[in-house]
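entry.pdb, holding PDB, C-alpha atoms:
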MODEL        1
ATOM      1  CA  MET Y   1      93.061 108.423 107.161
ATOM      2  CA  PRO Y   2      94.985 107.116 109.720
ATOM      3  CA  GLN Y   3      96.509 105.423 106.902
ATOM      4  CA  TYR Y   4      97.066 101.784 107.262
ATOM      5  CA  ARG Y   5      99.062 102.908 105.365
ATOM      6  CA  ILE Y   6      99.096 101.528 102.222
ATOM      7  CA  ALA Y   7     102.569 100.050 102.074
ATOM      8  CA  LEU Y   8     103.196  96.970  99.979
ATOM      9  CA  TYR Y   9     106.760  95.777  99.553
ATOM     10  CA  HIS Y  10     107.536  93.458  96.663
ATOM     11  CA  SER Y  11     110.578  91.301  97.351
ATOM     12  CA  ASP Y  12     112.303  88.720  95.132
ATOM     13  CA  ASP Y  13     112.880  86.460  98.093
ATOM     14  CA  ASP Y  14     109.312  86.717  99.348
ATOM     15  CA  PRO Y  15     106.995  85.502  96.554
ATOM     16  CA  SER Y  16     103.996  85.329  98.921
ATOM     17  CA  VAL Y  17     102.917  88.866  98.038
ATOM     18  CA  GLU Y  18     102.647  88.121  94.322
ATOM     19  CA  THR Y  19     100.932  84.826  95.021
ATOM     20  CA  GLU Y  20      98.381  86.534  97.249
ATOM     21  CA  ALA Y  21      97.758  89.216  94.635
ATOM     22  CA  ILE Y  22      97.127  86.586  91.952
ATOM     23  CA  ARG Y  23      94.777  84.703  94.283
ATOM     24  CA  ILE Y  24      92.781  87.850  94.932
ATOM     25  CA  GLU Y  25      92.698  88.712  91.232
ATOM     26  CA  LYS Y  26      91.179  85.307  90.464
ATOM     27  CA  ALA Y  27      88.690  85.646  93.316
ATOM     28  CA  SER Y  28      87.760  89.122  92.101
ATOM     29  CA  GLU Y  29      87.094  87.780  88.603
ATOM     30  CA  ARG Y  30      84.768  85.130  90.022
ATOM     31  CA  ARG Y  31      82.843  87.811  91.923
ATOM     32  CA  ARG Y  32      82.529  89.863  88.755
ATOM     33  CA  LYS Y  33      80.889  86.966  86.924
ATOM     34  CA  ASP Y  34      78.658  85.982  89.842
ATOM     35  CA  ASN Y  35      77.382  89.492  90.541
ATOM     36  CA  SER Y  36      76.351  90.795  87.140
ATOM     37  CA  ARG Y  37      73.397  92.587  88.712
ATOM     38  CA  MET Y  38      75.663  94.590  90.978
ATOM     39  CA  ARG Y  39      77.411  97.777  89.942
ATOM     40  CA  THR Y  40      80.669  96.660  91.507
ATOM     41  CA  PRO Y  41      83.777  96.423  89.564
ATOM     42  CA  SER Y  42      83.228  94.524  86.369
ATOM     43  CA  LYS Y  43      85.666  96.845  84.620
ATOM     44  CA  THR Y  44      87.882  97.248  87.624
ATOM     45  CA  MET Y  45      88.360  93.679  88.680
ATOM     46  CA  LYS Y  46      89.892  92.247  85.488
ATOM     47  CA  ARG Y  47      92.957  94.335  86.169
ATOM     48  CA  ALA Y  48      92.811  93.770  89.906
ATOM     49  CA  ILE Y  49      96.529  93.366  90.503
ATOM     50  CA  TRP Y  50      97.215  96.978  89.482
ATOM     51  CA  ILE Y  51      94.591  98.497  91.699
ATOM     52  CA  MET Y  52      94.711  95.933  94.489
ATOM     53  CA  ALA Y  53      98.416  96.351  95.218
ATOM     54  CA  PRO Y  54      97.943  99.268  97.608
ATOM     55  CA  VAL Y  55      94.770  97.731  99.022
ATOM     56  CA  LEU Y  56      96.582  94.510  99.791
ATOM     57  CA  ALA Y  57      98.957  96.536 101.856
ATOM     58  CA  ILE Y  58      96.176  97.179 104.321
ATOM     59  CA  SER Y  59      96.697  93.576 105.370
ATOM     60  CA  ILE Y  60     100.430  93.883 105.261
ATOM     61  CA  GLY Y  61     100.719  92.296 108.673
ATOM     62  CA  LEU Y  62      99.248  89.124 107.172
ATOM     63  CA  LEU Y  63     100.947  89.209 103.775
ATOM     64  CA  VAL Y  64     104.424  90.475 104.611
ATOM     65  CA  PRO Y  65     104.977  90.118 108.362
ATOM     66  CA  ASN Y  66     108.606  91.249 108.131
ATOM     67  CA  ALA Y  67     107.911  94.424 106.172
ATOM     68  CA  ALA Y  68     108.431  96.677 109.161
ATOM     69  CA  ALA Y  69     111.922  95.232 109.540
ATOM     70  CA  GLN Y  70     112.946  96.113 105.983
ATOM     71  CA  PRO Y  71     115.218  99.099 105.295
ATOM     72  CA  ASP Y  72     113.401 102.307 106.195
ATOM     73  CA  PRO Y  73     113.202 104.674 103.194
ATOM     74  CA  TYR Y  74     112.263 107.550 105.522
ATOM     75  CA  PRO Y  75     114.314 107.037 108.697
ATOM     76  CA  LYS Y  76     113.567 110.418 110.230
ATOM     77  CA  MET Y  77     111.096 113.265 110.212
ATOM     78  CA  ALA Y  78     111.317 115.623 107.226
ATOM     79  CA  PRO Y  79     111.453 119.406 107.696
ATOM     80  CA  VAL Y  80     108.012 120.595 108.826
ATOM     81  CA  ASP Y  81     107.492 122.697 105.686
ATOM     82  CA  GLN Y  82     107.494 119.543 103.573
ATOM     83  CA  TYR Y  83     104.363 118.288 105.336
ATOM     84  CA  LEU Y  84     102.428 121.503 104.748
ATOM     85  CA  MET Y  85     100.281 122.365 101.720
ATOM     86  CA  GLU Y  86      98.919 125.508 100.162
ATOM     87  CA  GLU Y  87      95.678 125.955 102.108
ATOM     88  CA  ASN Y  88      93.172 126.177  99.243
ATOM     89  CA  ALA Y  89      94.716 123.120  97.619
ATOM     90  CA  GLU Y  90      94.446 121.252 100.917
ATOM     91  CA  ILE Y  91      90.778 122.194 101.314
ATOM     92  CA  GLN Y  92      90.040 121.008  97.782
ATOM     93  CA  LEU Y  93      91.893 117.730  98.310
ATOM     94  CA  ALA Y  94      90.173 117.116 101.661
ATOM     95  CA  ARG Y  95      86.719 117.628 100.104
ATOM     96  CA  SER Y  96      87.529 115.134  97.348
ATOM     97  CA  ALA Y  97      87.778 112.289  99.889
ATOM     98  CA  ALA Y  98      84.019 111.643  99.740
ATOM     99  CA  PRO Y  99      81.210 112.248  97.247
ATOM    100  CA  ASP Y 100      80.063 115.859  97.100
ATOM    101  CA  SER Y 101      76.734 114.934  98.698
ATOM    102  CA  ILE Y 102      78.737 114.267 101.876
ATOM    103  CA  SER Y 103      81.774 116.526 101.718
ATOM    104  CA  ARG Y 104      80.091 119.776 100.649
ATOM    105  CA  ASP Y 105      78.598 120.217 104.139
ATOM    106  CA  ALA Y 106      81.522 118.712 106.050
ATOM    107  CA  THR Y 107      83.917 120.543 108.343
ATOM    108  CA  ILE Y 108      87.299 120.909 106.643
ATOM    109  CA  LEU Y 109      90.522 120.776 108.635
ATOM    110  CA  VAL Y 110      93.919 121.866 107.328
ATOM    111  CA  LEU Y 111      97.377 121.244 108.733
ATOM    112  CA  ARG Y 112      99.018 124.381 110.041
ATOM    113  CA  ARG Y 113     102.126 124.901 112.135
ATOM    114  CA  GLN Y 114     100.307 124.134 115.383
ATOM    115  CA  GLY Y 115      98.506 121.074 114.026
ATOM    116  CA  TYR Y 116      95.121 120.532 112.367
ATOM    117  CA  GLU Y 117      92.817 123.554 112.503
ATOM    118  CA  THR Y 118      89.349 124.273 111.142
ATOM    119  CA  ALA Y 119      89.365 126.058 107.782
ATOM    120  CA  VAL Y 120      85.659 125.578 106.958
ATOM    121  CA  GLU Y 121      82.848 125.008 109.451
ATOM    122  CA  GLY Y 122      80.476 122.239 108.402
ATOM    123  CA  LYS Y 123      76.964 121.270 109.376
ATOM    124  CA  ASN Y 124      76.547 117.514 108.794
ATOM    125  CA  GLY Y 125      78.975 116.149 111.389
ATOM    126  CA  PHE Y 126      81.489 114.811 108.863
ATOM    127  CA  VAL Y 127      85.095 116.014 109.026
ATOM    128  CA  CYS Y 128      87.363 115.989 105.977
ATOM    129  CA  MET Y 129      91.124 116.422 106.158
ATOM    130  CA  VAL Y 130      94.355 115.341 104.466
ATOM    131  CA  GLY Y 131      96.302 112.746 106.407
ATOM    132  CA  ARG Y 132     100.073 112.516 106.334
ATOM    133  CA  GLY Y 133     102.287 109.460 106.657
ATOM    134  CA  TRP Y 134     102.571 109.930 110.407
ATOM    135  CA  THR Y 135      98.825 109.408 110.833
ATOM    136  CA  GLY Y 136      99.449 105.773 109.874
ATOM    137  CA  MET Y 137     100.802 102.807 111.790
ATOM    138  CA  PHE Y 138     103.794 103.680 113.910
ATOM    139  CA  ASP Y 139     106.061 101.061 112.329
ATOM    140  CA  TRP Y 140     105.021 101.757 108.721
ATOM    141  CA  PRO Y 141     108.176 102.346 106.629
ATOM    142  CA  GLU Y 142     106.610 105.432 105.021
ATOM    143  CA  PHE Y 143     105.601 106.953 108.355
ATOM    144  CA  TRP Y 144     107.852 110.010 107.873
ATOM    145  CA  SER Y 145     107.314 110.332 104.127
ATOM    146  CA  PRO Y 146     106.477 113.937 103.172
ATOM    147  CA  LYS Y 147     104.910 112.689  99.934
ATOM    148  CA  VAL Y 148     101.896 111.037 101.557
ATOM    149  CA  LYS Y 149      98.814 113.232 101.171
ATOM    150  CA  ALA Y 150      95.768 111.101 101.944
ATOM    151  CA  ALA Y 151      92.339 112.689 101.707
ATOM    152  CA  ASP Y 152      89.987 111.431 104.419
ATOM    153  CA  CYS Y 153      86.385 112.202 105.258
ATOM    154  CA  LEU Y 154      85.345 110.835 108.639
ATOM    155  CA  ASN Y 155      81.756 110.257 109.646
ATOM    156  CA  PRO Y 156      80.548 111.857 112.906
ATOM    157  CA  GLN Y 157      81.489 108.829 115.028
ATOM    158  CA  ALA Y 158      85.032 108.734 113.630
ATOM    159  CA  ALA Y 159      85.312 112.512 113.823
ATOM    160  CA  ARG Y 160      84.591 112.320 117.552
ATOM    161  CA  SER Y 161      86.756 109.311 118.387
ATOM    162  CA  ILE Y 162      89.500 108.933 115.739
ATOM    163  CA  MET Y 163      90.173 112.550 114.861
ATOM    164  CA  PRO Y 164      91.315 113.443 118.415
ATOM    165  CA  ILE Y 165      94.075 110.828 118.080
ATOM    166  CA  VAL Y 166      95.107 112.272 114.718
ATOM    167  CA  SER Y 167      95.075 115.805 116.114
ATOM    168  CA  LEU Y 168      97.336 114.799 119.005
ATOM    169  CA  ARG Y 169      99.787 113.164 116.619
ATOM    170  CA  ALA Y 170      99.792 116.279 114.428
ATOM    171  CA  ARG Y 171     100.546 118.595 117.335
ATOM    172  CA  MET Y 172     103.428 116.361 118.351
ATOM    173  CA  VAL Y 173     104.882 116.292 114.840
ATOM    174  CA  MET Y 174     104.552 120.029 114.377
ATOM    175  CA  ALA Y 175     106.408 120.449 117.663
ATOM    176  CA  GLY Y 176     109.238 118.258 116.369
ATOM    177  CA  ARG Y 177     108.588 115.303 118.681
ATOM    178  CA  SER Y 178     109.902 111.824 117.950
ATOM    179  CA  LYS Y 179     107.814 108.777 117.079
ATOM    180  CA  GLU Y 180     108.567 107.305 120.509
ATOM    181  CA  GLU Y 181     107.332 110.487 122.186
ATOM    182  CA  MET Y 182     104.150 110.326 120.109
ATOM    183  CA  VAL Y 183     103.424 106.754 121.200
ATOM    184  CA  SER Y 184     104.039 107.688 124.825
ATOM    185  CA  ALA Y 185     101.813 110.781 124.586
ATOM    186  CA  VAL Y 186      98.946 108.784 123.074
ATOM    187  CA  LYS Y 187      99.195 106.150 125.815
ATOM    188  CA  THR Y 188      99.237 108.809 128.517
ATOM    189  CA  ALA Y 189      96.239 110.567 126.996
ATOM    190  CA  PHE Y 190      94.231 107.338 126.998
ATOM    191  CA  GLU Y 191      95.310 106.559 130.548
ATOM    192  CA  LYS Y 192      94.132 109.974 131.712
ATOM    193  CA  LYS Y 193      90.936 109.668 129.634
ATOM    194  CA  GLN Y 194      91.932 112.699 127.579
ATOM    195  CA  LEU Y 195      91.158 110.715 124.432
ATOM    196  CA  PRO Y 196      87.700 109.192 123.879
ATOM    197  CA  SER Y 197      86.898 105.538 123.398
ATOM    198  CA  LEU Y 198      86.198 104.400 119.856
ATOM    199  CA  GLU Y 199      82.553 104.884 118.945
ATOM    200  CA  SER Y 200      80.551 102.156 117.273
ATOM    201  CA  GLY Y 201      79.993 102.835 113.572
ATOM    202  CA  ALA Y 202      83.132 104.911 113.036
ATOM    203  CA  MET Y 203      84.133 104.931 109.370
ATOM    204  CA  ASP Y 204      86.127 106.922 106.859
ATOM    205  CA  TYR Y 205      85.833 107.683 103.119
ATOM    206  CA  MET Y 206      89.095 107.645 101.142
ATOM    207  CA  MET Y 207      87.865 108.011  97.562
ATOM    208  CA  SER Y 208      89.902 110.936  96.215
ATOM    209  CA  LYS Y 209      91.585 110.355  92.879
ATOM    210  CA  SER Y 210      94.191 112.981  93.865
ATOM    211  CA  SER Y 211      95.514 111.324  97.025
ATOM    212  CA  TYR Y 212      99.036 109.961  97.288
ATOM    213  CA  LEU Y 213      98.857 107.050  99.702
ATOM    214  CA  THR Y 214     102.148 105.250  99.177
ATOM    215  CA  ASP Y 215     105.239 104.977  97.018
ATOM    216  CA  GLN Y 216     104.082 101.480  96.083
ATOM    217  CA  GLY Y 217     101.973 100.328  93.150
ATOM    218  CA  GLY Y 218      99.656 102.931  91.662
ATOM    219  CA  HIS Y 219     100.017 105.140  94.762
ATOM    220  CA  ASN Y 220      96.282 105.347  95.311
ATOM    221  CA  VAL Y 221      93.046 103.346  95.368
ATOM    222  CA  PRO Y 222      89.470 104.348  96.338
ATOM    223  CA  HIS Y 223      88.188 102.624  99.453
ATOM    224  CA  VAL Y 224      86.245 103.034 102.664
ATOM    225  CA  MET Y 225      87.446 102.047 106.122
ATOM    226  CA  PHE Y 226      85.647 100.914 109.262
ATOM    227  CA  TYR Y 227      87.184 101.296 112.732
ATOM    228  CA  THR Y 228      86.209  98.619 115.214
ATOM    229  CA  ARG Y 229      87.034  97.282 118.646
ATOM    230  CA  ASP Y 230      86.878  93.763 117.252
ATOM    231  CA  GLU Y 231      89.923  91.590 117.799
ATOM    232  CA  ASN Y 232      89.186  88.814 115.321
ATOM    233  CA  ALA Y 233      89.266  89.786 111.660
ATOM    234  CA  GLU Y 234      87.714  86.446 110.745
ATOM    235  CA  ASP Y 235      84.432  87.667 112.223
ATOM    236  CA  TRP Y 236      84.191  89.901 109.152
ATOM    237  CA  GLY Y 237      85.498  87.279 106.730
ATOM    238  CA  SER Y 238      88.576  89.429 106.217
ATOM    239  CA  GLY Y 239      91.120  87.782 103.970
ATOM    240  CA  ALA Y 240      88.873  84.819 103.157
ATOM    241  CA  ALA Y 241      88.899  83.576  99.575
ATOM    242  CA  GLY Y 242      86.587  85.754  97.526
ATOM    243  CA  SER Y 243      86.011  88.271 100.316
ATOM    244  CA  PRO Y 244      86.328  91.958  99.351
ATOM    245  CA  ILE Y 245      87.184  92.837 102.967
ATOM    246  CA  MET Y 246      90.707  93.303 104.281
ATOM    247  CA  SER Y 247      91.903  94.370 107.685
ATOM    248  CA  SER Y 248      94.822  95.776 109.600
ATOM    249  CA  PRO Y 249      95.632  96.728 113.183
ATOM    250  CA  TYR Y 250      95.464 100.469 113.767
ATOM    251  CA  TRP Y 251      98.619 101.029 115.804
ATOM    252  CA  PHE Y 252     101.373  98.742 114.482
ATOM    253  CA  ILE Y 253     101.932  96.574 111.417
ATOM    254  CA  SER Y 254     104.086  94.013 113.163
ATOM    255  CA  GLN Y 255     102.442  91.468 115.410
ATOM    256  CA  LYS Y 256     105.683  91.426 117.391
ATOM    257  CA  GLU Y 257     105.124  94.883 118.866
ATOM    258  CA  GLU Y 258     103.255  93.542 121.888
ATOM    259  CA  SER Y 259     105.128  95.717 124.393
ATOM    260  CA  GLN Y 260     104.525  98.798 122.259
ATOM    261  CA  ARG Y 261     100.803  98.099 122.007
ATOM    262  CA  LYS Y 262     100.434  97.819 125.756
ATOM    263  CA  GLY Y 263      98.399 100.794 126.963
ATOM    264  CA  LEU Y 264      96.775 101.370 123.574
ATOM    265  CA  PRO Y 265      93.150 100.317 123.075
ATOM    266  CA  PRO Y 266      92.708  97.589 120.454
ATOM    267  CA  ILE Y 267      91.443  99.021 117.172
ATOM    268  CA  LEU Y 268      91.031  96.848 114.099
ATOM    269  CA  VAL Y 269      90.489  98.596 110.779
ATOM    270  CA  PHE Y 270      88.514  96.957 107.970
ATOM    271  CA  LEU Y 271      88.899  98.169 104.398
ATOM    272  CA  VAL Y 272      86.642  97.683 101.398
ATOM    273  CA  MET Y 273      87.707  98.787  97.933
ATOM    274  CA  VAL Y 274      85.104 100.651  95.869
ATOM    275  CA  ALA Y 275      84.769 100.852  92.092
ATOM    276  CA  ASP Y 276      84.593 104.640  91.619
ATOM    277  CA  TRP Y 277      86.386 107.765  92.735
ATOM    278  CA  SER Y 278      84.437 110.322  94.724
ATOM    279  CA  ASP Y 279      83.537 112.241  91.563
ATOM    280  CA  GLY Y 280      81.822 109.150  90.129
ATOM    281  CA  THR Y 281      84.446 108.258  87.549
ATOM    282  CA  PRO Y 282      85.647 104.630  87.367
ATOM    283  CA  ALA Y 283      88.760 103.877  89.354
ATOM    284  CA  ILE Y 284      90.317 102.154  86.355
ATOM    285  CA  GLU Y 285      89.406 101.994  82.725
ATOM    286  CA  HIS Y 286      89.333  98.494  81.257
ATOM    287  CA  HIS Y 287      90.057  97.820  77.604
ATOM    288  CA  ASP Y 288      89.609  94.336  76.092
TER     289      ASP Y 288
ENDMDL
END

For the file at hand, write its structure as C-alpha cells.
Amino acid sequence: MPQYRIALYHSDDDPSVETEAIRIEKASERRRKDNSRMRTPSKTMKRAIWIMAPVLAISIGLLVPNAAAQPDPYPKMAPVDQYLMEENAEIQLARSAAPDSISRDATILVLRRQGYETAVEGKNGFVCMVGRGWTGMFDWPEFWSPKVKAADCLNPQAARSIMPIVSLRARMVMAGRSKEEMVSAVKTAFEKKQLPSLESGAMDYMMSKSSYLTDQGGHNVPHVMFYTRDENAEDWGSGAAGSPIMSSPYWFISQKEESQRKGLPPILVFLVMVADWSDGTPAIEHHD
C-alpha cells in the first residue's frame, strides 16, 4: 500500500546497494539451511538477489540515502486517466493482494474520478484496494508514475487508520493538486484531528503476483507490512545480519526532510518478504 515504494536505484558509483544485496543473499542462504523445518523460502532464497531487489528498496533510506536526489523519472503528475483502471480488473487485482480466505469477504475500493470509492461491501473488516505511486513516500522518484498498480489488503486496524490518509491523497490527486499541497493538506488534517491516530496492530498484505510496484528489478515481490509508531527500527532487528525484517519511514525516504516531516505523526513501516503469492504459488521457481 502506501508503497514504500519499492524503489531501488543501482548506480555504478554507489556499489553499496550491490554489496548489501549480496550480504542479504548470503544471510538468506544461512537461514534456509538452519530452518529446514520451516516452510519459508528454501527455493526462493537461493536466488535472493532477484527477488530481494525490490524488497531492499523498502530500506532505501538506509541503503541509498541520496536516491531521492537522483534525476526524477516522473517529474510531474500524469494525466488523471493514466491512473485509472477498468473497474472489474481493479476489483480482481485488489482481491489478489491477500489469500482468498481473507480477501473474499473484504470491502473492495476502486479509484474513480473523485477518489477511492466502495465497489464491493465486505463483512470481515479488511479493505482491499490498488495503490498508485502517489500513495508512497512523498520524495519517492516514482511517486507520479502511472505504471504503479500495487494491490493492498489492509486489516481492520489499518483500514481505519491508514486508509483515511490514502483516501485524502487520492482526492487531492484526482483534483489535480500538487505534491506540496498534498503534504500541507495531510498536516492540516492531522492538526484538526480529521485523520485518526495510527492503531496498534495495523498491517497490510501485498501478495499479488499481478502488482507492478516499481520500474526496478522484477517489479514485484510478495510481502506483508506492519505500520507502527516505533521510532527505532533496531527494536525489531530491522536490517540486522540474517534478519528477514526491513523498515522504512512512511512519509519521506530522505532523512534530510526534517522540516517536511514536521506536523506529520511518526510512522515506521516494517516489511517481511513471504515465500508465496496470494494464490499459494511459489514466488520464484528454483532450478538447480

Range 194-204 of chain Y surroundings by all atoms listed in the file, 8 Å radius, close-in-sequence under 6 positions cut, as a list in words =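 In the requested form, the answer reads Met1, Asp152, Cys153, Leu154, Asn155, Pro156, Gln157, Ala158, Ala159, Arg160, Ser161, Ile162, Pro164, Ile165, Val224, Met225, Phe226, Tyr227, Thr228, Arg229 and Ile267 of chain Y.
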
key: Pick from Y:Ser96, Y:Thr281, Y:Lys262, Y:Ile108, whichever lies nearest to Thr188 in chain Y using all atoms listed in the file   =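 Of the candidates, the smallest distance to Thr188 in chain Y is held by Y:Lys262.
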
task = With a distance cut-off of 10 Å and all atoms listed in the file, select the neighbouring residues of range 166-170 of chain Y, excluding the residue or stretch itself and same-chain residues fewer than 2 positions from it, and output the selection as a ChimeraX atom specification.
result = /Y:1-2,111-117,131-132,134-136,159,161-164,172-177,179,181-183,185-186,189,195

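Here CA of Gly133 in chain Y is placed at a distance of 28.7 Å from CA of Asp235 in chain Y.
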
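Here CA of Val120 in chain Y is placed at a distance of 14.2 Å from CA of Ile102 in chain Y.
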
request  = Just give me the gap between CA of Val148 in chain Y and CA of Leu213 in chain Y in Å, one decimal is fine.
outcome  =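 Computed distance, CA of Val148 in chain Y to CA of Leu213 in chain Y, equals 5.3 Å.
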
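Among Y:Thr214, Y:Ser247, Y:Ser103, Y:Ser184, the residue with the shortest atom-to-atom distance to Lys149 in chain Y, counting only C-alpha atoms, is Y:Thr214.
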
key: Spatial neighbours of Glu90 in chain Y, 9 Å, all atoms listed in the file, chain gap at least 4 places, as a ChimeraX atom specification   = /Y:84-86,94-95,109-111,129-130,151

Atoms to include: C-alpha atoms. Write the selected residues as a compact mmCIF listing (two decimals), in the coordinates of the input.
# COMPACT_ATOMS: atom_id res chain seq x y z
CA LEU Y 84 102.43 121.50 104.75
CA MET Y 85 100.28 122.36 101.72
CA GLU Y 86 98.92 125.51 100.16
CA ALA Y 94 90.17 117.12 101.66
CA ARG Y 95 86.72 117.63 100.10
CA LEU Y 109 90.52 120.78 108.64
CA VAL Y 110 93.92 121.87 107.33
CA LEU Y 111 97.38 121.24 108.73
CA MET Y 129 91.12 116.42 106.16
CA VAL Y 130 94.36 115.34 104.47
CA ALA Y 151 92.34 112.69 101.71

message = Restricting the calculation to all atoms listed in the file: of Y:Asp139, Y:Arg104, Y:Pro146, Y:Ile91, which residue gets closest to Met77 in chain Y?
response = Y:Pro146

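The residue set within 10 Å of Gln260 in chain Y, counting only C-alpha atoms and dropping same-chain residues fewer than 3 places from it, reads Phe138, Glu180, Val183, Ser184, Lys187, Trp251, Phe252, Lys256, Glu257, Gly263 and Leu264 of chain Y.
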
ask   = Pick from Y:Asp72, Y:His219, Y:Ser259, Y:Val272: nearest to Gly239 in chain Y, with all atoms listed in the file counted?
value =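 Once distances to Gly239 in chain Y are computed over all atoms listed in the file, the minimum belongs to Y:Val272.
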
task = For each of Y:Met273, Y:Tyr212, Y:Asp100, Y:Phe143, take the minimum atom-to-atom distance to Ile245 in chain Y, counting only C-alpha atoms, then give the residue where this is smallest.
result =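 Going through Y:Met273, Y:Tyr212, Y:Asp100, Y:Phe143 one by one, the smallest distance to Ile245 in chain Y is for Y:Met273.
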
note = From the list Y:Ser208, Y:Ser178, Y:Ser145, Y:Gln216, the nearest residue to Tyr74 in chain Y using all atoms listed in the file is Y:Ser145

task = Find the spatial neighbours of Gly280 in chain Y, counting all atoms listed in the file, within a cut-off of 12 Å - ignore same-chain residues fewer than 6 positions away - and output them as a list in words.
result = Ser96, Ala97, Ala98, Pro99, Asp100, Ser101, Met207, Ser208, Lys209, Pro222 and Val274 of chain Y
